[in-house]
Amino acid sequence: MAESRRLLVIHNPTAGRRRRRRLDEVLHLLSEAGCTITLVPTTKRGDAEDFAATAVADEVDLLVAAGGDGTLNEVANGLLRRRAEGLAPLSMAIVPLGTANVLAAEIGLAEDVASIARCILEGVPRRVYPGIANGRHFLCMAGSGLDAFVVQDVNHRLKRLLGKGAYVLETLRRLWLGPPEPYRLLIDGRPETAAQIILAKGHFYGGTFVIAQEARLEEPLLWACLFRRGGRWAAARYILAVMLGFPHRLRDIDIMPVRRVSIDGRAADPVQGDGDIVTRLPADIRIDEEGLDLVFPA
Ligand SMILES: Nc1ncnc2c1ncn2[C@@H]1O[C@H](COP(=O)(O)OP(=O)(O)OP(=O)(O)O)[C@@H](O)[C@H]1O
C-alpha cells in the first residue's frame, strides 16, 4: 500500500540551483501521505551509486533519487550493481532537481511538487533498458564529439548562475576552438565515420529537444544519431537543426536503431552519459537487455 511505504531518498545537495525547497515540499507531501522517509545526502561523486547499491531491501520499499540527471544516473548504476551482485532488486522513483531534467521529461513527469509526490505515491514501475558505455549505464543518452566536450568543460560556477545558458556559452566556445575530427565507428560490425555521435535511449536531448523520435526507455534498443561532417560550420548547422526540430531532414545526419557501437578516436576523448562524463574513448556501447524498474506517473 502506497501510504505505508518506506522510502530511501538519495539526495545530491549540490544539484541544480536553489532546489532544496522543492525537495522539502515533496518530502512534506510524502510524509503527510504516511510514508516513512530516510533522507541520505551525498557528499561526493559516487555516493549516490554506493547508497543505492548497498540499501537493505528488507528495510526499503522504494528508492527515490533526488538530484540532476547525473545523480539519477548514479542511482541507476547502483541498482544495476545490486543486480550484478545478486542482491534483491529495488525500484527507483525520481525527484528532478537539475538543470535539464531529461529523464523527468522522458517519463512525462510534470515539474510541480504535487505531481512529483503523486508519482512517487501512485506511480507505476515499468521496466526500462539503459545503455552501457564501457560498463557504465546511462538511462537517456550517451554522446561522443562536441556535446561530450561541452559537458566536460562547462563552467560549474556559470552553470549555477545561468543554468542552461552556461551550456550555450560553452558550445559557442567549443565551436570557436573547432570541434573534434570525425571518429571511426563500428556499428553492428559495419565501419562508419561521424564527427558527433549520440546514442539515444530516449527521444529527448538537452531538455526537450527531440533527436531520435522513435527512441523509448522501455524498448531494449539504442538509436544511433550520426552527425557525419566535421568542422565548426557543419556543427553549427547540426545544432540549429536540432534546436529547430528537423535533424531527421538533413542528409548528413543518419538516425538508425543499433545493437552495438564501438567508437574509436583520439584516445581519452570524453564520452558523456546522461549529461556527465561517464567514460573515455575508445568506447564500446550496447544495450542492457535486463534493465531496471523505474516509476512512471500513473
Ligand atoms: N555532494 C556532492 N558533491 C559534489 N558532487 C556531487 C555530490 N553528489 C553528487 N555529485 C556529483 O555531481 C554531478 C552532477 O550532479 P547532478 O546531475 O545531480 O546535478 P547538476 O549537475 O546540478 O544537474 P544537471 O546535470 O541537470 O545540470 C554528478 O556526477 C554527481 O555524481
# chains A, B, ... in the order shown; residues from 1 in each chain; ligands from 1

call {"tool": "residues_near_ligand", "arguments": {"ligand": "ligand 1", "cutoff": "10 Å", "atoms": "only C-alpha atoms and all ligand atoms", "output": "count of residues only"}}
result
54

call {"tool": "select_by_dssp", "arguments": {"residues": "range 50-197 of chain A", "states": "strand (DSSP E or B)", "output": "PyMOL selection string"}}
result
chain A and resi 62-67+92-96+124-128+131-133+136-138+141-144+183-187+190-194+196-197

call {"tool": "residues_around", "arguments": {"residues": "Gly189 in chain A", "least_positions_apart": "6", "cutoff": "9 Å", "atoms": "only C-alpha atoms", "output": "number ranges by chain"}}
result
A: 260-262

call {"tool": "residues_around", "arguments": {"residues": "Ser91 in chain A", "least_positions_apart": "3", "cutoff": "6 Å", "atoms": "only C-alpha atoms", "output": "list in words"}}
result
Leu62, Asp293 and Leu294 of chain A

call {"tool": "atom_distance", "arguments": {"atom1": "CA of Tyr183 in chain A", "atom2": "CA of Gly265 in chain A"}}
result
4.9 Å

call {"tool": "select_by_dssp", "arguments": {"residues": "range 75-120 of chain A", "states": "alpha helix (DSSP H)", "output": "tab-separated table (two decimals) with N, CA and C atoms, in the first residue's frame"}}
result
chain	number	residue	atom	x	y	z
A	75	VAL	N	22.26	6.57	-9.28
A	75	VAL	CA	21.37	5.65	-8.55
A	75	VAL	C	21.04	4.45	-9.44
A	76	ALA	N	20.79	4.70	-10.73
A	76	ALA	CA	20.52	3.58	-11.65
A	76	ALA	C	21.73	2.64	-11.70
A	77	ASN	N	22.93	3.22	-11.75
A	77	ASN	CA	24.14	2.37	-11.76
A	77	ASN	C	24.25	1.55	-10.47
A	78	GLY	N	23.82	2.15	-9.35
A	78	GLY	CA	23.82	1.41	-8.08
A	78	GLY	C	22.85	0.25	-8.11
A	79	LEU	N	21.66	0.47	-8.69
A	79	LEU	CA	20.65	-0.60	-8.77
A	79	LEU	C	21.17	-1.74	-9.65
A	80	LEU	N	21.88	-1.38	-10.71
A	80	LEU	CA	22.37	-2.41	-11.61
A	80	LEU	C	23.55	-3.15	-10.98
A	81	ARG	N	24.27	-2.46	-10.11
A	81	ARG	CA	25.34	-3.15	-9.36
A	81	ARG	C	24.73	-4.18	-8.41
A	82	ARG	N	23.59	-3.82	-7.80
A	82	ARG	CA	22.89	-4.78	-6.93
A	82	ARG	C	22.58	-6.05	-7.72
A	83	ARG	N	22.07	-5.82	-8.94
A	83	ARG	CA	21.69	-6.97	-9.77
A	83	ARG	C	22.91	-7.85	-10.04
A	84	ALA	N	24.04	-7.19	-10.40
A	84	ALA	CA	25.27	-7.96	-10.70
A	84	ALA	C	25.74	-8.73	-9.47
A	102	VAL	N	16.20	15.66	-18.12
A	102	VAL	CA	15.77	14.93	-19.32
A	102	VAL	C	14.97	13.68	-18.94
A	103	LEU	N	15.40	12.98	-17.89
A	103	LEU	CA	14.69	11.75	-17.52
A	103	LEU	C	13.24	12.06	-17.12
A	104	ALA	N	13.05	13.15	-16.38
A	104	ALA	CA	11.69	13.52	-15.97
A	104	ALA	C	10.83	13.80	-17.20
A	105	ALA	N	11.40	14.54	-18.17
A	105	ALA	CA	10.65	14.82	-19.40
A	105	ALA	C	10.31	13.52	-20.12
A	106	GLU	N	11.27	12.62	-20.12
A	106	GLU	CA	11.10	11.36	-20.85
A	106	GLU	C	9.95	10.52	-20.29
A	107	ILE	N	9.77	10.53	-18.95
A	107	ILE	CA	8.69	9.70	-18.38
A	107	ILE	C	7.39	10.50	-18.24
A	113	VAL	N	5.54	20.21	-7.52
A	113	VAL	CA	5.81	19.27	-6.41
A	113	VAL	C	4.67	18.27	-6.22
A	114	ALA	N	3.43	18.68	-6.46
A	114	ALA	CA	2.30	17.76	-6.27
A	114	ALA	C	2.40	16.59	-7.25
A	115	SER	N	2.77	16.88	-8.50
A	115	SER	CA	2.88	15.80	-9.49
A	115	SER	C	4.03	14.86	-9.14
A	116	ILE	N	5.13	15.45	-8.64
A	116	ILE	CA	6.29	14.60	-8.29
A	116	ILE	C	5.91	13.67	-7.12
A	117	ALA	N	5.25	14.23	-6.10
A	117	ALA	CA	4.86	13.41	-4.94
A	117	ALA	C	3.84	12.34	-5.38
A	118	ARG	N	2.89	12.74	-6.23
A	118	ARG	CA	1.88	11.78	-6.68
A	118	ARG	C	2.52	10.62	-7.45
A	119	CYS	N	3.53	10.95	-8.23
A	119	CYS	CA	4.21	9.89	-9.00
A	119	CYS	C	4.87	8.89	-8.05
A	120	ILE	N	5.48	9.41	-6.96
A	120	ILE	CA	6.14	8.51	-6.01
A	120	ILE	C	5.08	7.66	-5.27

call {"tool": "atom_distance", "arguments": {"atom1": "CA of Ala224 in chain A", "atom2": "CA of Ile211 in chain A"}}
result
9.8 Å
